[in-house]
Amino acid sequence: MTNMYEVRAGIALLTLDNPPVNALSHALRRSLAERLARCLADPSVRGIMLLGTGGRAFSAGADISEFDSPASQADPSLSSLIQRIKNSSLPVLAAIDGHALGGGLELALGCHWRVASGKSRLGLPEIHLGLIPGAGGTQRLPRLIGVKPAYEMMLSGRPVDAERALALGLVDGVLEGDFREQAIHWFLALLDSGRGVRPSREQPVAEDALPPLSDRTSTHAAQALRRCVEASIHQPFDVALQLERETFATLEQSAQSAALRHGFFAERRASHLLGLEAGTRPLPLRQIAVVGAGTMGSGIAMCFANAGFAVSLLDVNPDSLARGLSTIRQTYEDQVRKGRLSVEAAEGRVRQIEPHSGFEAIADADLVIEAVFEELAVKQTVFETLDRVMKPSALLASNTSTLDIDSIAGFTQRPGQVLGLHFFSPAPVMRLLEIVRGRATRDDVLVTVLDLAKTLGKVGVVARSGDGFIGNRMWHQYLRQASLLVEEGASPMQVDRALQDWGFAMGPLRVADLAGLDVGYSIRQRQYRDYPHQRWSGWLDRISEAGRLGLKGGQGIYAYPEGSRQPAEDPVIQALIDEFRREHGVVARSFSDEEIVSRCLDALSVEGIRLLEEGIAQRGSDVDAVFLNGYGFPRAQGGPLFQADQAGLPALISRLKLRAAESEVPFWTPPRLLCNLAQRGDSLSAYEGEGR
Ligand code: T1G
């Protein structure tokens, strides 16, 4: 943190210098307050300019990592700092070059003037953290740009770019070129024209009826935001400001905000490799190739095109290649039709994907991702060919979701450059990317693809190779418990609804229908052999053996009348389940939704803990990042291990012991790691393994 204080032509330059994004930590707030006071006492100063360092952000807002500590309100609080700026006898300019988000934008709103560079993005994203703007944003923004645009910005949490900010009146100018110099000149011209301090508007804003909240958006924070924005219309400024402050404090203490903040950091912490040697640098990745133009291969190629890469898409089968390209074109055309993409952007992305049918054409790629048929023999042929054809420095990745990366690496002479890049379908949409390290995978290769994940807008999570890596391994235990609950008396719809009402995007049995019952069936046959002590319920197999494929076949666990995608309970399946129970002497019993949810969540937690014990997952928050971004786990619950922490580890141990007494000892036996953490009063979601 520098306490830089520089005066240029009467303009005091106060930098926000807290890398990487100038979060408004207590130290930075204190430094700004001290330098502000110095400016006001310096007769040579006629104007004060705040600007961020590092060229990435003006400020990304309050320091979220301070929230659970006294530092977040330690004097000067952000609100009091903003008050001092607003009351300054000298004009203050916020020179925004990069992100101005949350408290960073509120700081700028407290300034008398604002200018931005063309690359800047300004927003109040607090809603994504289960919060509302807590430093005057709900009162100042409506007064500056109007109630409706302000309310929409805060409710969506979406930032606006510099041009939109100018049009809204959020900034007074957009400057190009050497931003810092341009800002100084802009400010000097303003002062020379006789303008100076600009009183912020504190009169109630024009009456505007706010749009109603939809069910989907009506979270605690959204309702609180609405109350505060309505107060900006009907209440005096100071009364409404006090309401905002009290409302923010309540939300900050809420479990929902704690979970959302945990998810925020979990996704970013995952990008750091434990045990990494200092100084390990990422490798250059310029040319990308994808082998296999099926659903996954085409989707992966689109991920790269969307991120601005040129990408070769190779398929030795001309029909598959043609189908893949047609799918890609169709997908972009759909986005244009929905207004999500311009025609030019769509055409540009299609051009970035270069079709090929021979391996020689991709020999110079820096990274190649294989997405061919999920059979080890097929992978062997492909990786032996890649190893022979690709330049020596090329990285070879497999998109496999079930096969062992060490076996695949063994097909090559470069095991240190072989890894898994497990994309989730549909690849351009799902944020999760499991990065599977083989025993030989080099650290610099992992650092390279962790950076790549961020460039692709994905959440990269490192897993060691093992059956199902992190997500699918946990998912199988979750689905297994769902299958047993149905055998014991619950209906498929009750299991799904209980979990959806709890917050999952979709229940596990509906997901099984969506993924294709044949896919699950073949995985289970292998699991019966590999894990004979883990009992699945056989009614699921019977549905597949009856030839039902799930949604793609029009019927599965559920019926899908007239091609609808909405599942309907099917009496045929209920009869099949009843028959299965009769054959196995099962007397169906009723289940409460709470019991269903508790058992399925405990299955996720106990398997997640085992992944930590085995070193398959690096840290507890990585497990949460996987389930938040690849399996529809509700963000407001923070992830399987975070929610287990909130419910209490001793209570989890007691439940597991009860379950082990009633059914399968090995699966439900409380893992040693869980007992140790509970004994120490530590948490699962903060646990970190040894790394290497
Ligand atoms: N506080 C603390 N750390 C932060 C941070 C923040 N606000 N924002 C980012 N980081 C860390 C992040 O954890 C990562 O750490 C590094 O910076 C780079 O982040 C009163 C109360 C700005 C768009 O919600 O949206 O203000 O991994 O990987 O992809 O009303 O960061 O390097 O150790 O995301 O270039 C409101 C949150 C706060 C903005 C940059 N502000 N940040 O994206 O980098 S609440 C936000 C972001 C508030 C006031 C309220 C993004 C970004 P590490 P990154 P990026």
# chains A, B, ... in the order shown; residues from 1 in each chain; ligands from 1
>>> residues_near_ligand(ligand="ligand 1", cutoff="7 Å", atoms="only C-alpha atoms and all ligand atoms", output="PyMOL selection string")
chain A and resi 20-21+23+57+60-65+78+99+101-104+106+124-126+129+132-135+137+265+268-269+271+454
>>> residues_around(residues="Ile145 in chain A", least_positions_apart="3", cutoff="12 Å", atoms="only C-alpha atoms", output="JSON, numbers by chain")
{"A": [109, 137, 138, 139, 140, 141, 142, 148, 149, 150, 151, 152, 153, 164, 165, 166, 167, 168, 169, 170, 171, 172, 201, 205, 206]}
>>> closest_residue(among="A:Ser25, A:Gln566, A:Gln83, A:Asn317", to="Glu66 in chain A", atoms="only C-alpha atoms")
A:Ser25
>>> closest_residue(among="A:Asp75, A:Asp97, A:Ala27, A:Asp444", to="Glu181 in chain A", atoms="only C-alpha atoms")
A:Asp97
>>> closest_residue(among="A:Arg226, A:Arg286, A:Arg29, A:Arg114", to="Phe309 in chain A", atoms="only C-alpha atoms")
A:Arg286
>>> select_by_dssp(residues="range 268-425 of chain A", states="strand (DSSP E or B)", output="list of chain:residue names")
A:Ile288, A:Ala289, A:Val290, A:Val291, A:Val311, A:Ser312, A:Leu313, A:Leu314, A:Ile353, A:Glu354, A:Pro355, A:His356, A:Leu367, A:Val368, A:Ile369, A:Glu370, A:Leu395, A:Leu396, A:Ala397, A:Ser398, A:Val418, A:Leu419, A:Gly420, A:Leu421, A:His422, A:Phe423
>>> atom_distance(atom1="CA of Phe237 in chain A", atom2="CA of Leu24 in chain A")
24.3 Å
>>> atom_distance(atom1="CA of Arg439 in chain A", atom2="CA of Gly416 in chain A")
8.3 Å
>>> select_by_dssp(residues="range 145-373 of chain A", states="helix (DSSP H, G or I)", output="JSON, numbers by chain")
{"A": [145, 147, 148, 149, 150, 151, 152, 153, 154, 155, 156, 162, 163, 164, 165, 166, 167, 168, 179, 180, 181, 182, 183, 184, 185, 186, 187, 188, 189, 190, 191, 192, 220, 221, 222, 223, 224, 225, 226, 227, 228, 229, 230, 231, 232, 233, 234, 237, 238, 239, 240, 241, 242, 243, 244, 245, 246, 247, 248, 249, 250, 251, 252, 255, 256, 257, 258, 259, 260, 261, 262, 263, 264, 265, 266, 267, 268, 269, 295, 296, 297, 298, 299, 300, 301, 302, 303, 304, 305, 306, 318, 319, 320, 321, 322, 323, 324, 325, 326, 327, 328, 329, 330, 331, 332, 333, 334, 335, 336, 337, 343, 344, 345, 346, 347, 348, 349, 350, 351, 352, 359, 360, 361, 362]}
>>> write_last_selection(atoms="C-alpha atoms", output="compact mmCIF listing (two decimals), in the first residue's frame")
# COMPACT_ATOMS: atom_id res chain seq x y z
CA ILE A 145 -29.61 8.24 -13.00
CA VAL A 147 -35.11 5.21 -10.04
CA LYS A 148 -35.79 2.56 -12.67
CA PRO A 149 -32.32 2.31 -14.27
CA ALA A 150 -30.79 2.40 -10.78
CA TYR A 151 -33.11 -0.28 -9.44
CA GLU A 152 -32.48 -2.48 -12.49
CA MET A 153 -28.72 -2.10 -12.10
CA MET A 154 -28.79 -3.05 -8.42
CA LEU A 155 -31.37 -5.85 -8.75
CA SER A 156 -29.50 -7.52 -11.63
CA ALA A 162 -18.49 3.36 -20.03
CA GLU A 163 -20.71 4.43 -22.92
CA ARG A 164 -23.86 3.32 -21.11
CA ALA A 165 -22.62 5.00 -17.94
CA LEU A 166 -22.21 8.26 -19.87
CA ALA A 167 -25.68 7.96 -21.39
CA LEU A 168 -27.16 7.36 -17.94
CA PHE A 179 -6.26 8.03 -19.20
CA ARG A 180 -4.43 9.55 -16.24
CA GLU A 181 -3.18 12.53 -18.28
CA GLN A 182 -6.54 12.93 -19.98
CA ALA A 183 -8.29 12.92 -16.62
CA ILE A 184 -5.98 15.59 -15.23
CA HIS A 185 -6.59 17.79 -18.30
CA TRP A 186 -10.34 17.20 -18.10
CA PHE A 187 -10.35 18.19 -14.44
CA LEU A 188 -8.20 21.30 -15.01
CA ALA A 189 -10.50 22.43 -17.82
CA LEU A 190 -13.51 21.93 -15.56
CA LEU A 191 -11.92 23.95 -12.76
CA ASP A 192 -10.77 26.66 -15.16
CA HIS A 220 -34.24 -11.53 1.00
CA ALA A 221 -31.69 -9.18 -0.52
CA ALA A 222 -33.95 -8.29 -3.45
CA GLN A 223 -36.85 -7.50 -1.12
CA ALA A 224 -34.54 -5.42 1.06
CA LEU A 225 -33.23 -3.58 -1.98
CA ARG A 226 -36.75 -2.76 -3.08
CA ARG A 227 -37.56 -1.31 0.35
CA CYS A 228 -34.47 0.90 0.26
CA VAL A 229 -35.06 2.15 -3.27
CA GLU A 230 -38.69 2.89 -2.43
CA ALA A 231 -37.38 4.88 0.53
CA SER A 232 -35.33 6.98 -1.91
CA ILE A 233 -38.69 8.09 -3.35
CA HIS A 234 -40.69 8.59 -0.18
CA PHE A 237 -32.25 11.24 2.42
CA ASP A 238 -30.82 10.72 5.91
CA VAL A 239 -33.76 8.56 7.05
CA ALA A 240 -33.45 6.40 3.94
CA LEU A 241 -29.65 6.21 4.35
CA GLN A 242 -30.12 4.92 7.90
CA LEU A 243 -32.60 2.31 6.61
CA GLU A 244 -29.99 1.19 4.07
CA ARG A 245 -27.31 0.92 6.73
CA GLU A 246 -29.49 -1.15 9.07
CA THR A 247 -30.71 -3.35 6.22
CA PHE A 248 -27.17 -3.97 5.01
CA ALA A 249 -26.02 -4.93 8.51
CA THR A 250 -28.83 -7.49 8.79
CA LEU A 251 -28.05 -9.04 5.42
CA GLU A 252 -24.33 -9.13 6.15
CA ALA A 255 -26.55 -17.27 6.44
CA GLN A 256 -27.44 -16.66 2.80
CA SER A 257 -24.85 -13.93 2.37
CA ALA A 258 -22.22 -15.97 4.20
CA ALA A 259 -22.88 -18.83 1.76
CA LEU A 260 -22.69 -16.57 -1.28
CA ARG A 261 -19.46 -14.98 -0.07
CA HIS A 262 -18.04 -18.45 0.55
CA GLY A 263 -18.90 -19.41 -3.02
CA PHE A 264 -17.23 -16.25 -4.34
CA PHE A 265 -13.93 -17.07 -2.68
CA ALA A 266 -14.21 -20.84 -3.23
CA GLU A 267 -14.28 -20.32 -7.00
CA ARG A 268 -11.21 -18.07 -6.86
CA ARG A 269 -9.27 -20.11 -4.33
CA THR A 295 -21.56 -32.82 -28.92
CA MET A 296 -18.74 -32.30 -26.43
CA GLY A 297 -16.01 -31.59 -29.00
CA SER A 298 -18.15 -29.00 -30.80
CA GLY A 299 -19.13 -27.43 -27.49
CA ILE A 300 -15.51 -27.25 -26.35
CA ALA A 301 -14.48 -25.65 -29.64
CA MET A 302 -17.19 -23.02 -29.05
CA CYS A 303 -15.80 -22.31 -25.56
CA PHE A 304 -12.51 -21.34 -27.14
CA ALA A 305 -14.08 -19.38 -30.00
CA ASN A 306 -16.22 -17.50 -27.45
CA PRO A 318 -16.31 -36.25 -42.60
CA ASP A 319 -19.98 -36.75 -41.64
CA SER A 320 -19.26 -36.18 -37.95
CA LEU A 321 -17.22 -33.10 -38.81
CA ALA A 322 -20.03 -31.73 -40.97
CA ARG A 323 -22.59 -32.44 -38.25
CA GLY A 324 -20.41 -30.77 -35.65
CA LEU A 325 -19.96 -27.64 -37.73
CA SER A 326 -23.66 -27.49 -38.46
CA THR A 327 -24.45 -27.77 -34.73
CA ILE A 328 -22.02 -24.95 -34.00
CA ARG A 329 -23.51 -22.71 -36.69
CA GLN A 330 -27.04 -23.50 -35.50
CA THR A 331 -26.14 -22.70 -31.90
CA TYR A 332 -24.75 -19.30 -32.81
CA GLU A 333 -27.75 -18.57 -35.04
CA ASP A 334 -30.02 -19.35 -32.07
CA GLN A 335 -28.06 -16.86 -29.96
CA VAL A 336 -28.43 -14.21 -32.64
CA ARG A 337 -32.15 -14.89 -32.82
CA VAL A 343 -24.65 -11.38 -36.52
CA GLU A 344 -21.07 -10.17 -37.00
CA ALA A 345 -19.90 -11.68 -33.69
CA ALA A 346 -21.57 -15.00 -34.52
CA GLU A 347 -20.03 -15.13 -37.98
CA GLY A 348 -16.65 -14.21 -36.50
CA ARG A 349 -16.82 -17.06 -34.03
CA VAL A 350 -17.80 -19.59 -36.68
CA ARG A 351 -14.78 -18.43 -38.71
CA GLN A 352 -12.50 -18.92 -35.71
CA PHE A 359 -3.95 -35.00 -37.58
CA GLU A 360 -1.05 -33.38 -39.44
CA ALA A 361 -3.09 -30.19 -39.72
CA ILE A 362 -3.03 -29.68 -35.95
>>> residues_around(residues="range 602-616 of chain A", least_positions_apart="2", cutoff="10 Å", atoms="only C-alpha atoms", output="ChimeraX atom specification")
/A:436-437,462-467,469-471,473-482,597-600,618-620,622-624,627,639-645,652-653,655-656,659,667-674,684-685,687-692
>>> residues_around(residues="Phe58 in chain A", least_positions_apart="6", cutoff="10 Å", atoms="only C-alpha atoms", output="list in words")
Thr15, Leu16, Asp17, Val21, Asn22, Ala23, Leu50, Leu51, Gly52, Ala94, Ala95, Ile96, Asp97, Gly98, His99, Ala100, Leu101, Gly104, Leu105, Leu107, Ala108, Ala116, Ser120, Arg121 and Leu122 of chain A
>>> atom_distance(atom1="CA of Val160 in chain A", atom2="CA of Ser117 in chain A")
12.6 Å
>>> closest_residue(among="A:Arg526, A:Leu93, A:Pro19, A:Arg84", to="Ile48 in chain A", atoms="only C-alpha atoms")
A:Leu93
>>> decode(residues="range 182-195 of chain A", atoms="N, CA and C atoms", output="PDB file, in the first residue's frame")
ATOM      1  N   GLN A 182      -5.270  12.392 -19.470  1.00  0.00           N
ATOM      2  CA  GLN A 182      -6.536  12.931 -19.985  1.00  0.00           C
ATOM      3  C   GLN A 182      -7.433  13.378 -18.830  1.00  0.00           C
ATOM      4  N   ALA A 183      -7.430  12.583 -17.767  1.00  0.00           N
ATOM      5  CA  ALA A 183      -8.290  12.919 -16.618  1.00  0.00           C
ATOM      6  C   ALA A 183      -7.832  14.215 -15.959  1.00  0.00           C
ATOM      7  N   ILE A 184      -6.515  14.352 -15.844  1.00  0.00           N
ATOM      8  CA  ILE A 184      -5.982  15.592 -15.232  1.00  0.00           C
ATOM      9  C   ILE A 184      -6.375  16.788 -16.074  1.00  0.00           C
ATOM     10  N   HIS A 185      -6.213  16.663 -17.416  1.00  0.00           N
ATOM     11  CA  HIS A 185      -6.590  17.790 -18.303  1.00  0.00           C
ATOM     12  C   HIS A 185      -8.087  18.079 -18.216  1.00  0.00           C
ATOM     13  N   TRP A 186      -8.876  17.016 -18.181  1.00  0.00           N
ATOM     14  CA  TRP A 186     -10.336  17.200 -18.097  1.00  0.00           C
ATOM     15  C   TRP A 186     -10.689  17.957 -16.826  1.00  0.00           C
ATOM     16  N   PHE A 187     -10.040  17.569 -15.748  1.00  0.00           N
ATOM     17  CA  PHE A 187     -10.349  18.187 -14.440  1.00  0.00           C
ATOM     18  C   PHE A 187      -9.899  19.664 -14.434  1.00  0.00           C
ATOM     19  N   LEU A 188      -8.704  19.919 -14.974  1.00  0.00           N
ATOM     20  CA  LEU A 188      -8.203  21.299 -15.012  1.00  0.00           C
ATOM     21  C   LEU A 188      -9.132  22.186 -15.837  1.00  0.00           C
ATOM     22  N   ALA A 189      -9.595  21.639 -16.970  1.00  0.00           N
ATOM     23  CA  ALA A 189     -10.504  22.429 -17.823  1.00  0.00           C
ATOM     24  C   ALA A 189     -11.797  22.723 -17.068  1.00  0.00           C
ATOM     25  N   LEU A 190     -12.256  21.744 -16.331  1.00  0.00           N
ATOM     26  CA  LEU A 190     -13.507  21.931 -15.562  1.00  0.00           C
ATOM     27  C   LEU A 190     -13.303  23.035 -14.515  1.00  0.00           C
ATOM     28  N   LEU A 191     -12.177  22.958 -13.819  1.00  0.00           N
ATOM     29  CA  LEU A 191     -11.918  23.948 -12.760  1.00  0.00           C
ATOM     30  C   LEU A 191     -11.720  25.335 -13.371  1.00  0.00           C
ATOM     31  N   ASP A 192     -11.008  25.367 -14.514  1.00  0.00           N
ATOM     32  CA  ASP A 192     -10.765  26.664 -15.157  1.00  0.00           C
ATOM     33  C   ASP A 192     -12.065  27.270 -15.672  1.00  0.00           C
ATOM     34  N   SER A 193     -13.057  26.414 -15.894  1.00  0.00           N
ATOM     35  CA  SER A 193     -14.340  26.976 -16.378  1.00  0.00           C
ATOM     36  C   SER A 193     -15.166  27.510 -15.208  1.00  0.00           C
ATOM     37  N   GLY A 194     -14.571  27.426 -13.995  1.00  0.00           N
ATOM     38  CA  GLY A 194     -15.271  28.003 -12.831  1.00  0.00           C
ATOM     39  C   GLY A 194     -16.104  27.006 -12.072  1.00  0.00           C
ATOM     40  N   ARG A 195     -16.150  25.753 -12.554  1.00  0.00           N
ATOM     41  CA  ARG A 195     -16.941  24.763 -11.802  1.00  0.00           C
ATOM     42  C   ARG A 195     -16.087  24.155 -10.701  1.00  0.00           C
TER      43      ARG A 195
END
